[in-house]
Amino acid sequence: MENFDSGSLSLKNLKTLKLIYELGSITAAAAALEQNQPTVSYTLEQMRLAFADPLFVRSGRGVAPTSRCHQIMPHIENLLKGMTELFQPTDFVPSQAELNITISCNLYELQVIIPTLVERLSTLAPNIHLIFIQSNVNGHKQLQQGLCDILLSPVTHDYETLYKRSLYKDRYVCLMSPQHDLAEKDITLSDYTAAKHIEISYEGGWKPLYLSMPELQGANLTIALRLPSVSNFISRMAGNGLVATLPERLARIIGGPMVVKDCPFESKFELSLYWNKLTHHSQAHQWLRSQIIDICSEQPKWYTCVN
């Protein structure tokens, strides 16, 4: 151990240790890093020599941090944050920036927010490249594990290690053909439950939030069409006497000539922007987050769910 050069430890070593700490598993850390397990185990052995401590002990199918590991982890997080800041230009110039930023989100955000963001970047920062991964209900874990830089999600979690900014509220509405029997009347709960519906069955087991409304508990909705995701051809399907219940912003985008009607219940959700400590002080990430916030603050005139 006396011959070990702790200065040889790299930023990658520290990130690996942090990931094992957060995931509680060497195997899971190797999968997240897209490395084989022996490579991650070798890195851990280097860190054990450097800190003269086992750092982790076996616990069930995973590993648990030692008290020494708990003690040094805040310092490692500060080092990682400092290194991130160190390699940032003193004065960030969007038009000259060259970097990749990974955003975790789902189809709602991809259709409602991202097209405008991509358009802005093509003009203001053409060399900032965006990479998108699907969050389903795991976006917060992806962010904690360093698999993404930004998370856009309506799933609410308050993690001490994550920063959060509320973007806006949206509500669910009914989308249907202008020829539908309900298109020219206020829809009652009995009208809604008697109608034929399009239901979106999202990947990852996530259910649309309106299905948890008290008014629908015990209701046996007639699902005439079940789709795996939101698609622009919903407007054509809705023309067959079907009702699609969607977030209003999305319904307005994909609805075309379809009619948007109030649901007989009030179902709102809040979309939030999440990021972690590693990018909190990065000028490039701060700038990109501000672009997302600006886009979301431009409330459409038709949008009524503002409280």
# chains A, B, ... in the order shown; residues from 1 in each chain; ligands from 1
>>> residues_around(residues="Leu278 (chain A)", least_positions_apart="2", cutoff="12 Å", atoms="only C-alpha atoms", output="VMD selection string")
chain A and resid 15 18 76 to 86 143 to 150 161 to 163 275 to 276 280 to 283 285 to 286
>>> write_last_selection(atoms="N, CA, C and O atoms", output="tab-separated table (two decimals), in the first residue's frame")
chain	number	residue	atom	x	y	z
A	15	LYS	N	-15.98	8.32	-10.25
A	15	LYS	CA	-17.35	8.13	-10.73
A	15	LYS	C	-17.80	6.69	-10.51
A	15	LYS	O	-18.96	6.44	-10.16
A	18	LYS	N	-18.65	6.21	-6.84
A	18	LYS	CA	-19.91	6.88	-6.54
A	18	LYS	C	-21.10	6.06	-7.04
A	18	LYS	O	-22.13	5.95	-6.37
A	76	ILE	N	-15.95	13.06	-2.29
A	76	ILE	CA	-15.85	12.61	-3.68
A	76	ILE	C	-16.85	13.36	-4.55
A	76	ILE	O	-16.54	13.78	-5.67
A	77	GLU	N	-18.06	13.56	-4.05
A	77	GLU	CA	-19.06	14.31	-4.80
A	77	GLU	C	-18.59	15.74	-5.05
A	77	GLU	O	-18.78	16.28	-6.15
A	78	ASN	N	-17.96	16.35	-4.06
A	78	ASN	CA	-17.43	17.70	-4.23
A	78	ASN	C	-16.29	17.73	-5.25
A	78	ASN	O	-16.17	18.67	-6.04
A	79	LEU	N	-15.44	16.69	-5.21
A	79	LEU	CA	-14.36	16.61	-6.20
A	79	LEU	C	-14.91	16.50	-7.62
A	79	LEU	O	-14.43	17.16	-8.54
A	80	LEU	N	-15.92	15.64	-7.79
A	80	LEU	CA	-16.51	15.47	-9.12
A	80	LEU	C	-17.15	16.76	-9.60
A	80	LEU	O	-17.02	17.13	-10.77
A	81	LYS	N	-17.82	17.44	-8.68
A	81	LYS	CA	-18.43	18.71	-9.06
A	81	LYS	C	-17.36	19.73	-9.43
A	81	LYS	O	-17.49	20.46	-10.42
A	82	GLY	N	-16.29	19.76	-8.64
A	82	GLY	CA	-15.21	20.70	-8.93
A	82	GLY	C	-14.54	20.42	-10.25
A	82	GLY	O	-14.18	21.35	-11.00
A	83	MET	N	-14.33	19.15	-10.58
A	83	MET	CA	-13.72	18.79	-11.86
A	83	MET	C	-14.62	19.21	-13.03
A	83	MET	O	-14.14	19.68	-14.06
A	84	THR	N	-15.93	19.02	-12.85
A	84	THR	CA	-16.87	19.42	-13.90
A	84	THR	C	-16.77	20.92	-14.15
A	84	THR	O	-16.75	21.40	-15.29
A	85	GLU	N	-16.71	21.68	-13.06
A	85	GLU	CA	-16.63	23.14	-13.20
A	85	GLU	C	-15.27	23.56	-13.78
A	85	GLU	O	-15.19	24.52	-14.55
A	86	LEU	N	-14.22	22.83	-13.41
A	86	LEU	CA	-12.87	23.19	-13.85
A	86	LEU	C	-12.74	23.18	-15.36
A	86	LEU	O	-12.07	24.04	-15.95
A	143	LEU	N	-30.95	9.84	-13.39
A	143	LEU	CA	-30.26	11.09	-13.10
A	143	LEU	C	-29.27	10.90	-11.95
A	143	LEU	O	-28.14	11.40	-11.99
A	144	GLN	N	-29.67	10.18	-10.92
A	144	GLN	CA	-28.78	9.92	-9.79
A	144	GLN	C	-27.56	9.10	-10.21
A	144	GLN	O	-26.47	9.28	-9.68
A	145	GLN	N	-27.76	8.20	-11.16
A	145	GLN	CA	-26.69	7.32	-11.61
A	145	GLN	C	-25.79	7.96	-12.66
A	145	GLN	O	-24.83	7.36	-13.12
A	146	GLY	N	-26.11	9.20	-13.05
A	146	GLY	CA	-25.31	9.88	-14.04
A	146	GLY	C	-25.56	9.43	-15.46
A	146	GLY	O	-24.76	9.70	-16.36
A	147	LEU	N	-26.70	8.76	-15.70
A	147	LEU	CA	-27.03	8.29	-17.04
A	147	LEU	C	-27.63	9.40	-17.90
A	147	LEU	O	-27.77	9.24	-19.11
A	148	CYS	N	-28.04	10.49	-17.28
A	148	CYS	CA	-28.55	11.64	-18.02
A	148	CYS	C	-28.15	12.91	-17.27
A	148	CYS	O	-27.76	12.86	-16.10
A	149	ASP	N	-28.27	14.04	-17.95
A	149	ASP	CA	-27.94	15.33	-17.35
A	149	ASP	C	-29.18	16.09	-16.90
A	149	ASP	O	-29.12	16.91	-15.99
A	150	ILE	N	-30.29	15.83	-17.59
A	150	ILE	CA	-31.55	16.53	-17.33
A	150	ILE	C	-32.67	15.51	-17.37
A	150	ILE	O	-32.66	14.59	-18.20
A	161	THR	N	-30.48	14.78	-3.29
A	161	THR	CA	-29.33	14.90	-4.20
A	161	THR	C	-29.70	15.52	-5.55
A	161	THR	O	-28.83	15.70	-6.39
A	162	LEU	N	-30.98	15.84	-5.76
A	162	LEU	CA	-31.42	16.39	-7.04
A	162	LEU	C	-32.01	17.78	-6.86
A	162	LEU	O	-32.60	18.10	-5.83
A	163	TYR	N	-31.84	18.60	-7.89
A	163	TYR	CA	-32.47	19.91	-7.94
A	163	TYR	C	-33.74	19.81	-8.79
A	163	TYR	O	-33.83	19.00	-9.70
A	275	TRP	N	-32.27	18.12	-12.21
A	275	TRP	CA	-30.87	17.97	-12.57
A	275	TRP	C	-30.08	17.63	-11.29
A	275	TRP	O	-30.64	17.67	-10.18
A	276	ASN	N	-28.82	17.25	-11.44
A	276	ASN	CA	-28.05	16.82	-10.28
A	276	ASN	C	-26.91	17.78	-9.94
A	276	ASN	O	-26.71	18.79	-10.61
A	280	HIS	N	-24.93	21.31	-11.74
A	280	HIS	CA	-25.63	22.47	-11.17
A	280	HIS	C	-24.92	23.78	-11.49
A	280	HIS	O	-25.56	24.79	-11.79
A	281	HIS	N	-23.59	23.77	-11.42
A	281	HIS	CA	-22.83	25.01	-11.63
A	281	HIS	C	-22.25	25.14	-13.04
A	281	HIS	O	-21.57	26.12	-13.34
A	282	SER	N	-22.52	24.18	-13.89
A	282	SER	CA	-22.02	24.23	-15.25
A	282	SER	C	-22.76	25.32	-16.04
A	282	SER	O	-23.99	25.32	-16.13
A	283	GLN	N	-22.00	26.24	-16.62
A	283	GLN	CA	-22.62	27.34	-17.37
A	283	GLN	C	-23.41	26.81	-18.57
A	283	GLN	O	-24.48	27.33	-18.89
A	285	HIS	N	-24.90	23.87	-18.92
A	285	HIS	CA	-26.14	23.24	-18.46
A	285	HIS	C	-27.11	24.27	-17.91
A	285	HIS	O	-28.32	24.15	-18.09
A	286	GLN	N	-26.59	25.28	-17.23
A	286	GLN	CA	-27.45	26.36	-16.75
A	286	GLN	C	-28.15	27.04	-17.93
A	286	GLN	O	-29.35	27.34	-17.87
>>> select_by_dssp(residues="region 160-270 of chain A", states="helix (DSSP H, G or I)", output="ChimeraX atom specification")
/A:189-194,203-205,209-212,214-216,234-238,248-254
>>> atom_distance(atom1="CA of Asn100 (chain A)", atom2="CA of Ala29 (chain A)")
21.8 Å
>>> closest_residue(among="A:Arg289, A:Lys185, A:Arg226, A:His180", to="Gly241 (chain A)", atoms="only C-alpha atoms")
A:His180
>>> select_by_dssp(residues="region 224-291 of chain A", states="strand (DSSP E)", output="list in words")
Ala224, Leu225, Arg226, Leu227, Leu242, Val243, Ala244, Thr245, Leu246, Pro247, Val259, Val260, Lys261, Asp262, Lys268, Phe269, Glu270, Leu271, Ser272, Leu273, Tyr274, Trp275 and Asn276 of chain A
>>> closest_residue(among="A:Glu298, A:Val118, A:Thr279, A:Pro214", to="Pro264 (chain A)", atoms="only C-alpha atoms")
A:Pro214
>>> decode(residues="region 125-267 of chain A", atoms="C-alpha atoms", output="PDB file, in the first residue's frame")
ATOM      1  CA  ALA A 125     -25.866  26.580 -30.204  1.00  0.00           C
ATOM      2  CA  PRO A 126     -25.518  24.294 -33.228  1.00  0.00           C
ATOM      3  CA  ASN A 127     -22.717  22.237 -31.649  1.00  0.00           C
ATOM      4  CA  ILE A 128     -24.618  21.325 -28.495  1.00  0.00           C
ATOM      5  CA  HIS A 129     -25.902  17.865 -29.346  1.00  0.00           C
ATOM      6  CA  LEU A 130     -28.852  16.346 -27.509  1.00  0.00           C
ATOM      7  CA  ILE A 131     -29.174  12.652 -26.694  1.00  0.00           C
ATOM      8  CA  PHE A 132     -32.559  11.381 -25.516  1.00  0.00           C
ATOM      9  CA  ILE A 133     -33.274   8.341 -23.377  1.00  0.00           C
ATOM     10  CA  GLN A 134     -36.679   7.115 -22.254  1.00  0.00           C
ATOM     11  CA  SER A 135     -37.391   7.654 -18.580  1.00  0.00           C
ATOM     12  CA  ASN A 136     -40.637   5.733 -18.018  1.00  0.00           C
ATOM     13  CA  VAL A 137     -40.820   5.868 -14.191  1.00  0.00           C
ATOM     14  CA  ASN A 138     -37.045   5.476 -13.668  1.00  0.00           C
ATOM     15  CA  GLY A 139     -35.863   8.930 -14.674  1.00  0.00           C
ATOM     16  CA  HIS A 140     -34.847  10.020 -11.187  1.00  0.00           C
ATOM     17  CA  LYS A 141     -32.656   6.944 -10.771  1.00  0.00           C
ATOM     18  CA  GLN A 142     -31.137   7.557 -14.205  1.00  0.00           C
ATOM     19  CA  LEU A 143     -30.259  11.086 -13.096  1.00  0.00           C
ATOM     20  CA  GLN A 144     -28.783   9.915  -9.791  1.00  0.00           C
ATOM     21  CA  GLN A 145     -26.690   7.318 -11.610  1.00  0.00           C
ATOM     22  CA  GLY A 146     -25.308   9.884 -14.044  1.00  0.00           C
ATOM     23  CA  LEU A 147     -27.030   8.287 -17.042  1.00  0.00           C
ATOM     24  CA  CYS A 148     -28.549  11.640 -18.022  1.00  0.00           C
ATOM     25  CA  ASP A 149     -27.942  15.332 -17.351  1.00  0.00           C
ATOM     26  CA  ILE A 150     -31.548  16.529 -17.327  1.00  0.00           C
ATOM     27  CA  LEU A 151     -34.860  14.879 -16.514  1.00  0.00           C
ATOM     28  CA  LEU A 152     -38.251  16.147 -17.664  1.00  0.00           C
ATOM     29  CA  SER A 153     -40.985  14.314 -15.782  1.00  0.00           C
ATOM     30  CA  PRO A 154     -44.452  14.615 -14.201  1.00  0.00           C
ATOM     31  CA  VAL A 155     -43.452  11.901 -11.713  1.00  0.00           C
ATOM     32  CA  THR A 156     -42.877  13.691  -8.415  1.00  0.00           C
ATOM     33  CA  HIS A 157     -39.951  12.772  -6.204  1.00  0.00           C
ATOM     34  CA  ASP A 158     -38.071  14.922  -3.721  1.00  0.00           C
ATOM     35  CA  TYR A 159     -34.498  13.657  -3.592  1.00  0.00           C
ATOM     36  CA  GLU A 160     -31.956  15.565  -1.524  1.00  0.00           C
ATOM     37  CA  THR A 161     -29.333  14.901  -4.200  1.00  0.00           C
ATOM     38  CA  LEU A 162     -31.424  16.393  -7.038  1.00  0.00           C
ATOM     39  CA  TYR A 163     -32.466  19.914  -7.938  1.00  0.00           C
ATOM     40  CA  LYS A 164     -36.000  20.600  -9.147  1.00  0.00           C
ATOM     41  CA  ARG A 165     -37.753  23.400 -11.035  1.00  0.00           C
ATOM     42  CA  SER A 166     -41.498  23.291 -11.698  1.00  0.00           C
ATOM     43  CA  LEU A 167     -42.226  24.150 -15.324  1.00  0.00           C
ATOM     44  CA  TYR A 168     -46.006  24.240 -15.711  1.00  0.00           C
ATOM     45  CA  LYS A 169     -49.264  22.465 -14.978  1.00  0.00           C
ATOM     46  CA  ASP A 170     -51.262  20.609 -17.590  1.00  0.00           C
ATOM     47  CA  ARG A 171     -54.645  18.925 -17.429  1.00  0.00           C
ATOM     48  CA  TYR A 172     -56.337  15.998 -19.117  1.00  0.00           C
ATOM     49  CA  VAL A 173     -58.970  16.694 -21.771  1.00  0.00           C
ATOM     50  CA  CYS A 174     -61.107  14.628 -24.132  1.00  0.00           C
ATOM     51  CA  LEU A 175     -60.192  14.504 -27.812  1.00  0.00           C
ATOM     52  CA  MET A 176     -62.858  13.428 -30.293  1.00  0.00           C
ATOM     53  CA  SER A 177     -64.239  13.894 -33.789  1.00  0.00           C
ATOM     54  CA  PRO A 178     -66.411  16.969 -34.465  1.00  0.00           C
ATOM     55  CA  GLN A 179     -69.099  14.465 -35.476  1.00  0.00           C
ATOM     56  CA  HIS A 180     -69.009  12.640 -32.152  1.00  0.00           C
ATOM     57  CA  ASP A 181     -72.286  12.648 -30.182  1.00  0.00           C
ATOM     58  CA  LEU A 182     -70.524  14.404 -27.281  1.00  0.00           C
ATOM     59  CA  ALA A 183     -68.762  17.066 -29.364  1.00  0.00           C
ATOM     60  CA  GLU A 184     -71.388  19.783 -28.872  1.00  0.00           C
ATOM     61  CA  LYS A 185     -72.373  19.259 -25.237  1.00  0.00           C
ATOM     62  CA  ASP A 186     -70.893  19.387 -21.763  1.00  0.00           C
ATOM     63  CA  ILE A 187     -69.702  15.878 -21.031  1.00  0.00           C
ATOM     64  CA  THR A 188     -71.145  14.335 -17.873  1.00  0.00           C
ATOM     65  CA  LEU A 189     -69.540  11.504 -15.944  1.00  0.00           C
ATOM     66  CA  SER A 190     -72.205   9.100 -17.211  1.00  0.00           C
ATOM     67  CA  ASP A 191     -71.528  10.267 -20.793  1.00  0.00           C
ATOM     68  CA  TYR A 192     -67.828   9.626 -20.275  1.00  0.00           C
ATOM     69  CA  THR A 193     -68.156   6.166 -18.765  1.00  0.00           C
ATOM     70  CA  ALA A 194     -70.637   5.104 -21.475  1.00  0.00           C
ATOM     71  CA  ALA A 195     -68.359   6.224 -24.332  1.00  0.00           C
ATOM     72  CA  LYS A 196     -65.864   4.049 -26.206  1.00  0.00           C
ATOM     73  CA  HIS A 197     -62.283   4.984 -25.352  1.00  0.00           C
ATOM     74  CA  ILE A 198     -58.740   4.915 -26.659  1.00  0.00           C
ATOM     75  CA  GLU A 199     -56.378   3.978 -23.846  1.00  0.00           C
ATOM     76  CA  ILE A 200     -52.618   4.505 -23.873  1.00  0.00           C
ATOM     77  CA  SER A 201     -50.696   1.681 -22.170  1.00  0.00           C
ATOM     78  CA  TYR A 202     -47.290   3.229 -21.598  1.00  0.00           C
ATOM     79  CA  GLU A 203     -44.110   1.188 -21.344  1.00  0.00           C
ATOM     80  CA  GLY A 204     -42.619   0.574 -17.929  1.00  0.00           C
ATOM     81  CA  GLY A 205     -45.989   0.067 -16.248  1.00  0.00           C
ATOM     82  CA  TRP A 206     -46.785   3.791 -15.993  1.00  0.00           C
ATOM     83  CA  LYS A 207     -50.508   4.565 -16.037  1.00  0.00           C
ATOM     84  CA  PRO A 208     -52.030   7.888 -17.152  1.00  0.00           C
ATOM     85  CA  LEU A 209     -52.691   9.969 -14.041  1.00  0.00           C
ATOM     86  CA  TYR A 210     -56.369  10.585 -14.817  1.00  0.00           C
ATOM     87  CA  LEU A 211     -57.129   6.898 -14.254  1.00  0.00           C
ATOM     88  CA  SER A 212     -56.498   7.421 -10.531  1.00  0.00           C
ATOM     89  CA  MET A 213     -59.236  10.058 -10.210  1.00  0.00           C
ATOM     90  CA  PRO A 214     -61.845   9.146  -7.552  1.00  0.00           C
ATOM     91  CA  GLU A 215     -64.642   9.593 -10.101  1.00  0.00           C
ATOM     92  CA  LEU A 216     -63.285   6.719 -12.180  1.00  0.00           C
ATOM     93  CA  GLN A 217     -62.663   4.240  -9.381  1.00  0.00           C
ATOM     94  CA  GLY A 218     -64.900   1.269  -9.986  1.00  0.00           C
ATOM     95  CA  ALA A 219     -65.925   2.546 -13.413  1.00  0.00           C
ATOM     96  CA  ASN A 220     -65.766  -0.067 -16.149  1.00  0.00           C
ATOM     97  CA  LEU A 221     -64.667   1.955 -19.160  1.00  0.00           C
ATOM     98  CA  THR A 222     -65.147   0.424 -22.593  1.00  0.00           C
ATOM     99  CA  ILE A 223     -61.678   0.327 -24.139  1.00  0.00           C
ATOM    100  CA  ALA A 224     -62.211  -0.035 -27.890  1.00  0.00           C
ATOM    101  CA  LEU A 225     -58.559   0.604 -28.765  1.00  0.00           C
ATOM    102  CA  ARG A 226     -55.431   0.208 -26.671  1.00  0.00           C
ATOM    103  CA  LEU A 227     -52.193   1.749 -27.948  1.00  0.00           C
ATOM    104  CA  PRO A 228     -48.621   1.329 -26.626  1.00  0.00           C
ATOM    105  CA  SER A 229     -47.839   5.036 -26.948  1.00  0.00           C
ATOM    106  CA  VAL A 230     -49.210   8.397 -27.990  1.00  0.00           C
ATOM    107  CA  SER A 231     -49.203   8.790 -31.761  1.00  0.00           C
ATOM    108  CA  ASN A 232     -50.255  11.392 -34.304  1.00  0.00           C
ATOM    109  CA  PHE A 233     -52.675   8.921 -35.852  1.00  0.00           C
ATOM    110  CA  ILE A 234     -54.835   9.071 -32.715  1.00  0.00           C
ATOM    111  CA  SER A 235     -56.779  11.851 -34.434  1.00  0.00           C
ATOM    112  CA  ARG A 236     -57.747   9.409 -37.189  1.00  0.00           C
ATOM    113  CA  MET A 237     -58.674   6.710 -34.705  1.00  0.00           C
ATOM    114  CA  ALA A 238     -60.736   9.165 -32.665  1.00  0.00           C
ATOM    115  CA  GLY A 239     -62.795   9.777 -35.788  1.00  0.00           C
ATOM    116  CA  ASN A 240     -64.313   6.311 -35.355  1.00  0.00           C
ATOM    117  CA  GLY A 241     -66.598   7.380 -32.527  1.00  0.00           C
ATOM    118  CA  LEU A 242     -63.844   7.050 -29.929  1.00  0.00           C
ATOM    119  CA  VAL A 243     -62.721   9.344 -27.117  1.00  0.00           C
ATOM    120  CA  ALA A 244     -59.025   9.818 -26.282  1.00  0.00           C
ATOM    121  CA  THR A 245     -58.155  11.306 -22.882  1.00  0.00           C
ATOM    122  CA  LEU A 246     -54.842  13.158 -23.196  1.00  0.00           C
ATOM    123  CA  PRO A 247     -52.902  16.056 -21.665  1.00  0.00           C
ATOM    124  CA  GLU A 248     -54.248  19.266 -23.183  1.00  0.00           C
ATOM    125  CA  ARG A 249     -50.982  20.489 -24.651  1.00  0.00           C
ATOM    126  CA  LEU A 250     -50.453  17.180 -26.405  1.00  0.00           C
ATOM    127  CA  ALA A 251     -54.071  16.989 -27.568  1.00  0.00           C
ATOM    128  CA  ARG A 252     -53.768  20.430 -29.164  1.00  0.00           C
ATOM    129  CA  ILE A 253     -50.594  19.400 -30.984  1.00  0.00           C
ATOM    130  CA  ILE A 254     -51.741  16.065 -32.424  1.00  0.00           C
ATOM    131  CA  GLY A 255     -55.485  16.659 -32.584  1.00  0.00           C
ATOM    132  CA  GLY A 256     -55.647  18.440 -35.939  1.00  0.00           C
ATOM    133  CA  PRO A 257     -59.347  19.013 -36.726  1.00  0.00           C
ATOM    134  CA  MET A 258     -60.484  17.060 -33.666  1.00  0.00           C
ATOM    135  CA  VAL A 259     -62.490  18.706 -30.882  1.00  0.00           C
ATOM    136  CA  VAL A 260     -60.984  19.250 -27.424  1.00  0.00           C
ATOM    137  CA  LYS A 261     -63.539  18.979 -24.622  1.00  0.00           C
ATOM    138  CA  ASP A 262     -63.365  19.293 -20.837  1.00  0.00           C
ATOM    139  CA  CYS A 263     -63.376  16.013 -18.930  1.00  0.00           C
ATOM    140  CA  PRO A 264     -66.186  15.510 -16.393  1.00  0.00           C
ATOM    141  CA  PHE A 265     -63.480  15.445 -13.710  1.00  0.00           C
ATOM    142  CA  GLU A 266     -60.514  17.693 -12.969  1.00  0.00           C
ATOM    143  CA  SER A 267     -57.195  15.907 -13.425  1.00  0.00           C
TER     144      SER A 267
END
